[in-house]
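Next up, my_file_17.txt (compact mmCIF, C-alpha atoms and all ligand atoms):
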# COMPACT_ATOMS: atom_id res chain seq x y z
CA MET A 279 -92.07 28.96 -53.87
CA LYS A 280 -90.19 29.66 -57.13
CA ILE A 281 -86.63 28.35 -57.43
CA LEU A 282 -84.15 29.24 -60.19
CA ALA A 283 -81.61 26.44 -60.65
CA ILE A 284 -78.33 26.05 -62.51
CA GLU A 285 -76.95 22.64 -63.52
CA SER A 286 -73.49 22.31 -65.06
CA SER A 287 -71.98 19.13 -63.64
CA CYS A 288 -70.91 17.59 -66.92
CA ASP A 289 -71.29 18.55 -70.60
CA GLU A 290 -74.64 20.38 -70.47
CA THR A 291 -75.25 23.88 -69.10
CA ALA A 292 -78.82 24.33 -67.96
CA ALA A 293 -81.10 26.68 -66.04
CA ALA A 294 -84.74 26.34 -65.02
CA VAL A 295 -87.47 27.86 -62.88
CA VAL A 296 -89.69 25.43 -60.98
CA GLU A 297 -92.50 26.24 -58.56
CA ASN A 298 -93.11 24.11 -55.45
CA GLY A 299 -91.02 21.16 -56.59
CA TRP A 300 -93.10 20.17 -59.63
CA ASP A 301 -94.46 23.03 -61.75
CA VAL A 302 -91.86 23.51 -64.47
CA LEU A 303 -92.11 27.15 -65.59
CA SER A 304 -89.00 26.88 -67.77
CA ASN A 305 -86.27 24.37 -68.51
CA GLU A 306 -83.47 25.69 -70.75
CA ILE A 307 -80.41 23.80 -71.86
CA GLY A 308 -77.24 24.80 -73.68
CA THR A 309 -75.78 21.60 -75.04
CA SER A 310 -72.20 20.90 -76.10
CA VAL A 311 -73.09 17.67 -77.87
CA GLU A 312 -71.82 18.91 -81.27
CA GLU A 313 -68.41 19.75 -79.73
CA HIS A 314 -68.27 16.33 -78.07
CA LYS A 315 -69.36 14.46 -81.19
CA LYS A 316 -66.00 15.54 -82.66
CA THR A 317 -64.08 13.79 -79.88
CA GLY A 318 -66.54 10.90 -79.47
CA GLY A 319 -66.69 11.54 -75.73
CA ILE A 320 -66.57 14.28 -73.09
CA VAL A 321 -63.38 16.32 -72.71
CA PRO A 322 -63.59 18.05 -69.27
CA GLU A 323 -61.72 21.18 -70.36
CA VAL A 324 -63.98 21.63 -73.41
CA ALA A 325 -67.10 21.09 -71.26
CA ALA A 326 -65.99 23.72 -68.69
CA ARG A 327 -65.15 26.33 -71.32
CA ASP A 328 -68.49 25.74 -73.00
CA ALA A 329 -70.32 26.11 -69.66
CA GLU A 330 -68.58 29.44 -69.11
CA LYS A 331 -69.98 30.77 -72.39
CA LYS A 332 -73.48 29.44 -71.82
CA VAL A 333 -74.28 29.86 -68.16
CA PHE A 334 -75.65 33.44 -68.14
CA PRO A 335 -77.50 33.16 -71.47
CA VAL A 336 -79.34 30.05 -70.19
CA VAL A 337 -80.19 31.79 -66.88
CA GLU A 338 -81.62 34.74 -68.84
CA ALA A 339 -83.57 32.41 -71.11
CA ALA A 340 -84.97 30.47 -68.13
CA LEU A 341 -86.20 33.66 -66.46
CA LYS A 342 -87.67 34.94 -69.72
CA THR A 343 -89.55 31.73 -70.53
CA ALA A 344 -90.87 31.58 -66.94
CA LYS A 345 -91.92 35.25 -67.29
CA CYS A 346 -89.98 36.07 -64.12
CA THR A 347 -87.44 38.57 -62.91
CA PHE A 348 -85.13 38.00 -59.93
CA GLU A 349 -87.79 39.71 -57.77
CA ASP A 350 -90.14 36.78 -58.38
CA ILE A 351 -87.51 34.20 -57.43
CA ASP A 352 -87.52 32.94 -53.81
CA ALA A 353 -84.25 30.99 -53.90
CA ILE A 354 -81.41 29.94 -56.17
CA ALA A 355 -80.25 26.34 -56.44
CA VAL A 356 -77.17 24.81 -57.99
CA THR A 357 -75.66 21.39 -58.56
CA ALA A 358 -72.77 21.32 -56.08
CA GLY A 359 -71.56 17.87 -57.19
CA PRO A 360 -70.58 15.26 -58.00
CA GLY A 361 -69.33 15.97 -61.50
CA LEU A 362 -66.44 17.43 -63.46
CA MET A 363 -64.65 20.01 -61.32
CA GLY A 364 -64.30 22.65 -64.06
CA SER A 365 -67.96 22.47 -65.09
CA LEU A 366 -69.14 22.43 -61.47
CA LEU A 367 -67.05 25.50 -60.65
CA VAL A 368 -68.72 27.50 -63.42
CA GLY A 369 -72.22 26.69 -62.14
CA VAL A 370 -71.41 27.10 -58.45
CA GLU A 371 -69.53 30.39 -58.80
CA SER A 372 -72.26 31.83 -61.05
CA ALA A 373 -74.97 30.80 -58.59
CA ARG A 374 -72.99 32.20 -55.63
CA MET A 375 -72.66 35.51 -57.41
CA LEU A 376 -76.36 35.69 -58.31
CA ALA A 377 -77.37 34.76 -54.75
CA TYR A 378 -75.06 37.45 -53.36
CA ILE A 379 -76.19 40.21 -55.74
CA HIS A 380 -79.90 39.45 -55.46
CA LYS A 381 -79.79 38.50 -51.74
CA LYS A 382 -81.39 35.06 -52.17
CA PRO A 383 -80.91 31.82 -50.26
CA LEU A 384 -78.57 29.44 -52.15
CA ILE A 385 -79.43 25.72 -52.05
CA PRO A 386 -76.63 23.27 -53.03
CA VAL A 387 -78.02 20.09 -54.61
CA HIS A 388 -76.45 16.65 -55.02
CA HIS A 389 -76.80 15.75 -58.71
CA ILE A 390 -78.30 12.32 -58.00
CA THR A 391 -80.97 13.70 -55.68
CA GLY A 392 -81.84 15.93 -58.66
CA HIS A 393 -82.25 12.89 -60.93
CA ILE A 394 -84.47 11.23 -58.29
CA CYS A 395 -86.67 14.31 -57.84
CA ALA A 396 -87.00 14.54 -61.66
CA ASN A 397 -89.63 11.82 -61.23
CA ARG A 398 -91.86 14.31 -59.41
CA LEU A 399 -91.68 17.06 -62.06
CA THR A 400 -95.06 17.97 -63.60
CA ARG A 401 -96.62 15.01 -61.75
CA LYS A 402 -98.66 16.26 -58.84
CA ARG A 403 -98.76 13.02 -56.94
CA LYS A 404 -97.53 12.01 -53.52
CA ILE A 405 -94.81 9.36 -53.53
CA ASP A 406 -95.72 6.23 -51.61
CA PHE A 407 -92.57 5.88 -49.49
CA PRO A 408 -90.33 3.97 -49.21
CA ALA A 409 -89.59 3.77 -52.93
CA LEU A 410 -86.73 1.95 -54.64
CA VAL A 411 -84.84 3.97 -57.25
CA LEU A 412 -82.42 2.89 -59.94
CA THR A 413 -80.42 6.01 -60.89
CA VAL A 414 -78.48 5.25 -63.99
CA SER A 415 -76.58 7.67 -66.19
CA GLY A 416 -73.14 8.28 -67.69
CA GLY A 417 -71.45 8.96 -64.37
CA HIS A 418 -73.71 7.19 -61.85
CA ASN A 419 -75.17 3.77 -61.35
CA ASP A 420 -76.89 3.45 -58.00
CA ILE A 421 -79.78 1.77 -56.24
CA ILE A 422 -81.28 4.11 -53.68
CA LEU A 423 -83.90 3.76 -50.99
CA TRP A 424 -86.07 6.87 -51.19
CA LYS A 425 -87.36 7.00 -47.65
CA ASN A 426 -89.07 10.37 -47.53
CA ASP A 427 -89.35 13.63 -49.49
CA PHE A 428 -85.65 14.33 -49.01
CA GLU A 429 -84.23 11.28 -47.27
CA PHE A 430 -82.13 8.83 -49.24
CA GLU A 431 -79.92 5.81 -48.59
CA ARG A 432 -77.66 4.36 -51.22
CA ILE A 433 -77.75 0.56 -51.10
CA GLY A 434 -76.09 -0.24 -54.44
CA TYR A 435 -73.47 1.29 -56.72
CA SER A 436 -71.05 0.39 -59.48
CA ILE A 437 -67.57 -0.70 -58.49
CA ASP A 438 -66.24 0.60 -61.82
CA ASP A 439 -68.18 2.11 -64.75
CA ALA A 440 -71.79 3.25 -64.93
CA ALA A 441 -74.13 1.69 -67.51
CA GLY A 442 -74.27 4.97 -69.49
CA GLU A 443 -70.49 4.90 -69.78
CA ALA A 444 -70.72 1.31 -71.09
CA PHE A 445 -73.30 2.45 -73.68
CA ASP A 446 -71.04 5.35 -74.72
CA LYS A 447 -67.86 3.25 -74.98
CA GLY A 448 -69.72 0.39 -76.69
CA ALA A 449 -71.10 2.79 -79.31
CA ARG A 450 -67.61 4.18 -79.86
CA MET A 451 -66.18 0.68 -80.41
CA LEU A 452 -68.93 -0.02 -82.93
CA GLY A 453 -68.48 3.39 -84.60
CA LEU A 454 -72.09 4.38 -83.88
CA GLY A 455 -71.46 7.92 -82.60
CA PHE A 456 -72.01 10.00 -79.47
CA PRO A 457 -73.92 9.95 -77.16
CA GLY A 458 -73.81 6.19 -77.23
CA GLY A 459 -77.05 5.27 -75.42
CA PRO A 460 -79.47 6.56 -78.05
CA ALA A 461 -77.17 5.28 -80.85
CA ILE A 462 -77.06 1.74 -79.41
CA GLU A 463 -80.80 1.80 -78.77
CA LYS A 464 -81.48 2.81 -82.39
CA ALA A 465 -79.19 0.08 -83.81
CA SER A 466 -80.73 -2.47 -81.41
CA LYS A 467 -84.19 -1.92 -82.87
CA VAL A 468 -83.05 -3.64 -86.09
CA GLY A 469 -80.68 -6.12 -84.40
CA VAL A 470 -81.22 -9.50 -82.71
CA GLU A 471 -80.74 -9.36 -78.93
CA ASP A 472 -79.61 -12.97 -78.49
CA ALA A 473 -77.34 -13.12 -81.54
CA PHE A 474 -74.26 -12.88 -79.28
CA LYS A 475 -73.77 -13.95 -75.68
CA PHE A 476 -72.46 -11.27 -73.30
CA PRO A 477 -72.04 -11.67 -69.53
CA ARG A 478 -74.58 -10.34 -66.98
CA PRO A 479 -71.98 -9.18 -64.38
CA MET A 480 -72.58 -9.71 -60.63
CA LEU A 481 -76.07 -11.17 -61.11
CA ASN A 482 -75.08 -14.40 -59.38
CA LYS A 483 -74.85 -12.53 -56.04
CA ASP A 484 -78.42 -11.83 -55.03
CA ASP A 485 -77.66 -10.12 -51.70
CA ASP A 486 -75.08 -7.70 -53.09
CA PHE A 487 -76.45 -4.70 -54.98
CA ARG A 488 -73.20 -3.61 -56.59
CA PHE A 489 -72.75 -3.40 -60.35
CA SER A 490 -69.73 -3.77 -62.60
CA PHE A 491 -69.69 -2.91 -66.29
CA SER A 492 -66.00 -2.74 -67.24
CA GLY A 493 -65.75 -6.49 -68.00
CA LEU A 494 -68.79 -6.28 -70.26
CA LYS A 495 -67.11 -3.51 -72.25
CA THR A 496 -64.01 -5.70 -72.65
CA SER A 497 -66.19 -8.63 -73.86
CA LEU A 498 -67.59 -6.40 -76.61
CA LEU A 499 -64.07 -5.32 -77.59
CA TYR A 500 -62.90 -8.96 -77.83
CA LYS A 501 -65.98 -9.95 -79.81
CA ILE A 502 -65.39 -7.13 -82.33
CA GLU A 503 -61.74 -8.22 -82.67
CA GLU A 504 -62.77 -11.88 -83.06
CA LEU A 505 -65.09 -10.84 -85.90
CA GLY A 506 -62.22 -9.07 -87.69
CA GLY A 507 -62.72 -5.49 -86.46
CA ARG A 508 -65.52 -3.02 -87.07
CA GLU A 509 -64.19 -1.54 -90.34
CA GLU A 510 -65.15 -4.47 -92.58
CA MET A 511 -68.14 -5.49 -90.48
CA GLU A 512 -71.59 -5.77 -92.09
CA GLU A 513 -74.20 -3.36 -90.77
CA SER A 514 -76.47 -6.23 -89.68
CA ILE A 515 -73.69 -7.74 -87.51
CA LYS A 516 -73.10 -4.35 -85.87
CA ASN A 517 -76.82 -4.10 -85.14
CA ASP A 518 -76.83 -7.61 -83.63
CA LEU A 519 -73.81 -6.73 -81.48
CA ALA A 520 -75.52 -3.51 -80.34
CA ALA A 521 -78.75 -5.34 -79.51
CA SER A 522 -76.96 -8.14 -77.62
CA PHE A 523 -74.80 -5.64 -75.72
CA GLN A 524 -77.85 -3.52 -74.79
CA GLU A 525 -79.71 -6.64 -73.65
CA ALA A 526 -76.83 -7.60 -71.33
CA ILE A 527 -76.81 -4.10 -69.79
CA VAL A 528 -80.57 -3.86 -69.26
CA ASP A 529 -80.79 -7.45 -67.95
CA THR A 530 -78.09 -6.61 -65.40
CA LEU A 531 -79.73 -3.33 -64.35
CA ALA A 532 -83.22 -4.80 -64.06
CA GLY A 533 -81.89 -7.99 -62.44
CA LYS A 534 -80.12 -6.12 -59.64
CA LEU A 535 -83.11 -3.84 -59.11
CA PHE A 536 -85.37 -6.86 -58.57
CA GLN A 537 -82.84 -8.57 -56.31
CA ALA A 538 -82.97 -5.43 -54.14
CA LEU A 539 -86.76 -5.41 -54.29
CA ASN A 540 -86.75 -8.97 -53.05
CA GLU A 541 -84.58 -8.00 -50.08
CA TYR A 542 -86.40 -4.79 -49.09
CA ARG A 543 -89.92 -6.10 -48.64
CA ASP A 544 -91.59 -2.84 -47.55
CA ILE A 545 -91.00 -1.02 -50.86
CA LYS A 546 -94.19 0.59 -52.20
CA GLU A 547 -93.11 1.74 -55.64
CA VAL A 548 -90.22 1.45 -58.12
CA HIS A 549 -88.50 4.29 -60.00
CA VAL A 550 -85.85 4.55 -62.66
CA THR A 551 -84.18 7.84 -63.51
CA GLY A 552 -81.08 9.39 -65.13
CA GLY A 553 -79.99 9.43 -68.78
CA VAL A 554 -80.23 5.65 -69.26
CA SER A 555 -83.86 5.68 -68.01
CA ALA A 556 -84.72 7.04 -71.48
CA ASN A 557 -84.00 3.52 -72.78
CA GLN A 558 -87.24 1.84 -73.88
CA ARG A 559 -85.90 -1.69 -73.53
CA LEU A 560 -84.93 -1.03 -69.90
CA ARG A 561 -88.35 0.48 -69.16
CA HIS A 562 -90.05 -2.49 -70.80
CA LYS A 563 -88.01 -5.03 -68.79
CA ILE A 564 -88.84 -3.35 -65.50
CA PHE A 565 -92.49 -2.76 -66.38
CA GLU A 566 -93.03 -6.42 -67.33
CA ARG A 567 -92.10 -7.51 -63.80
CA THR A 568 -93.56 -4.65 -61.73
CA GLU A 569 -96.90 -5.08 -63.52
CA LYS A 570 -97.06 -8.74 -62.47
CA MET A 571 -96.32 -7.66 -58.88
CA HIS A 572 -99.00 -4.90 -59.00
CA MET A 573 -96.24 -2.49 -58.08
CA GLY A 574 -96.23 1.12 -59.34
CA PHE A 575 -93.37 1.87 -61.74
CA TYR A 576 -92.32 5.45 -62.57
CA PHE A 577 -89.77 7.17 -64.77
CA PRO A 578 -89.39 10.86 -65.67
CA GLU A 579 -92.57 12.28 -67.23
CA LYS A 580 -90.62 13.75 -70.17
CA MET A 581 -87.47 12.58 -72.00
CA ALA A 582 -85.92 15.98 -71.23
CA PHE A 583 -86.10 15.15 -67.51
CA CYS A 584 -84.14 11.86 -67.95
CA THR A 585 -80.85 13.36 -69.10
CA ASP A 586 -79.16 16.24 -67.25
CA ASN A 587 -81.40 19.28 -66.83
CA ALA A 588 -81.86 22.10 -64.33
CA ALA A 589 -85.58 21.54 -63.63
CA MET A 590 -84.67 18.44 -61.63
CA ILE A 591 -82.18 20.50 -59.56
CA ALA A 592 -84.82 23.17 -58.83
CA GLY A 593 -87.26 20.38 -57.92
CA ALA A 594 -84.83 18.66 -55.53
CA ALA A 595 -83.90 22.05 -54.01
CA TYR A 596 -87.53 22.64 -53.06
CA TRP A 597 -87.80 19.31 -51.20
CA LYS A 598 -84.42 19.89 -49.54
CA TYR A 599 -85.29 23.44 -48.48
CA THR A 600 -88.68 22.50 -47.04
CA ASN A 601 -87.18 19.46 -45.31
CA GLU A 602 -84.39 21.41 -43.57
CA PRO A 603 -85.98 24.48 -41.94
CA GLU A 604 -82.96 24.99 -39.64
CA THR A 605 -80.34 25.32 -42.37
CA ASN A 606 -78.73 28.67 -43.09
CA TRP A 607 -78.70 28.85 -46.89
CA ALA A 608 -75.93 31.42 -47.20
CA TRP A 609 -74.03 31.66 -50.50
CA GLN A 610 -70.73 31.57 -48.54
CA SER A 611 -71.34 27.99 -47.44
CA VAL A 612 -71.68 26.53 -50.95
CA SER A 613 -68.69 25.07 -52.78
CA PRO A 614 -68.22 22.34 -55.42
CA ARG A 615 -67.91 18.75 -54.17
CA ILE A 616 -66.72 15.86 -56.28
CA GLU A 617 -67.17 12.94 -53.88
CA LYS A 618 -70.21 10.76 -54.66
CA GLU A 619 -71.24 9.84 -51.14
CA PHE A 620 -72.66 13.09 -49.75
CA PHE A 621 -76.39 13.76 -50.10
O1 LIG A 701 -77.99 11.78 -66.74
P1 LIG A 701 -77.10 12.06 -67.88
O2 LIG A 701 -77.55 13.09 -68.89
O3 LIG A 701 -75.67 12.51 -67.43
C1 LIG A 701 -74.99 12.01 -66.30
O4 LIG A 701 -75.37 12.38 -65.16
O5 LIG A 701 -74.07 11.20 -66.54
O6 LIG A 701 -76.84 10.68 -68.63
C2 LIG A 701 -76.13 10.60 -69.83
C3 LIG A 701 -75.99 9.13 -70.20
C4 LIG A 701 -75.05 8.91 -71.38
O7 LIG A 701 -74.13 7.89 -71.04
C5 LIG A 701 -76.00 8.44 -72.49
O8 LIG A 701 -75.40 7.57 -73.41
C6 LIG A 701 -77.10 7.76 -71.68
O9 LIG A 701 -77.26 8.57 -70.55
N1 LIG A 701 -78.38 7.68 -72.43
C7 LIG A 701 -78.94 6.51 -72.79
C8 LIG A 701 -80.09 6.85 -73.56
N2 LIG A 701 -80.18 8.21 -73.61
C9 LIG A 701 -79.11 8.71 -72.91
N3 LIG A 701 -78.58 5.24 -72.55
C10 LIG A 701 -79.35 4.26 -73.07
N4 LIG A 701 -80.45 4.50 -73.83
C11 LIG A 701 -80.85 5.76 -74.10
N5 LIG A 701 -81.92 5.98 -74.85
ZN ZN A 702 -76.92 13.21 -64.58
For this file, write the structure as structure tokens.
Amino acid sequence: MKILAIESSCDETAAAVVENGWDVLSNEIGTSVEEHKKTGGIVPEVAARDAEKKVFPVVEAALKTAKCTFEDIDAIAVTAGPGLMGSLLVGVESARMLAYIHKKPLIPVHHITGHICANRLTRKRKIDFPALVLTVSGGHNDIILWKNDFEFERIGYSIDDAAGEAFDKGARMLGLGFPGGPAIEKASKVGVEDAFKFPRPMLNKDDDFRFSFSGLKTSLLYKIEELGGREEMEESIKNDLAASFQEAIVDTLAGKLFQALNEYRDIKEVHVTGGVSANQRLRHKIFERTEKMHMGFYFPEKMAFCTDNAAMIAGAAYWKYTNEPETNWAWQSVSPRIEKEFF
């Protein structure tokens, strides 16, 4: 079954064709990163206008790379939410129109289920359920029980910011650029991770899988002020601050993940996904502990599947479609949704 998917929940506009949930025939992305570098963060209106320009060119490119026409496509999928309303509207309305014109089923996909199913792309292996998943990106920070091909339960979430947001804001405070995650990771490689002490929020509560990152951001701000501001700051101090800040984030993420693993004893494998799963330090911290436990640990096969992409949406759509044979996949029933809780 070949699915064409559109993803435009935030600042990227992407389209992909995936066969049977894992064979990636194409994965195209129109990025607005240069626009957003100018503002040092995402401006919703700019992201939506950019998506409008890019959506049909990326769909065309995805079909071309996959050597497909609409006749070869069995269904269309789209990120229905959560995300920025303007960007979501562009993707959803485009997908509704294509499904209507070409008379295809339309499968709405929750963005986070896309990130989770990214871990199946190109990897033809069965998941040993139940799995425990840390989904961590700019807008989301959850711990999810992955119970079956398309059955999920959220057991942890952030009460304020996501870790990716903390990376982005931290990088902005240090003047390291956008997006912040890769910038902080790069600076951390030449910095000392215990040069400064930052809090590991909520880690003292081992039966509560909620995160909080806003206080950590404030600690970085105070530390920069205490050191006289970033303008006069030596490069090596900035690198040490970046490394110490990254260490606090990854310690908190990994710590909570293992607290959850300790509580849910029947877990068979551990996954991390979403933009922040590209972070090598986070992967290393989780791998160190899962290896000792002889527990399988997985992250997206390619870096391009960590951050927002449409292949993950086409992948998730396949598992959703095959899991819900009774659903009527009419284009009329799909609309954008911004609440995080629906799956
Ligand atoms: O999944 P994603 O593309 O978009 C959302 O769904 O939010 O994630 C983007 C986030 C950004 O906050 C970015 O700074 C972060 O992922 N990110 C990283 C790395 N690469 C991207 N964070 C830490 N280390 C990285 N290497
Ligand atoms: Zn995402």
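Nearest residue to Arg559 in chain A, choosing from A:Ile354, A:Ala582, A:Ala521, A:Ala594 and counting all atoms listed in the file: A:Ala521.
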At most 12 Å from ligand ZN 702 (chain A) (all atoms listed in the file): residue list as a ChimeraX atom specification = /A:285-292,357,359-362,388-396,413-420,440,442-443,551-555,582-588,590-591
From CA of Gly364 in chain A to CA of Asp328 in chain A the spacing works out at 10.3 Å
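Counting from CA of Ala355 in chain A, the distance to CA of Val311 in chain A is 24.2 Å.
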Can you work out which one of A:Tyr576, A:Phe445, A:Tyr599, A:Phe565 has the shortest atom-to-atom distance to ligand LIG 701 (chain A), counting all atoms listed in the file?
-> A:Phe445
Go through A:Val368, A:Glu547, A:Ser304, A:Thr309 one by one, measure the shortest atom-to-atom distance of each to Lys404 in chain A using only C-alpha atoms, and give the residue with the smallest value.
-> A:Glu547
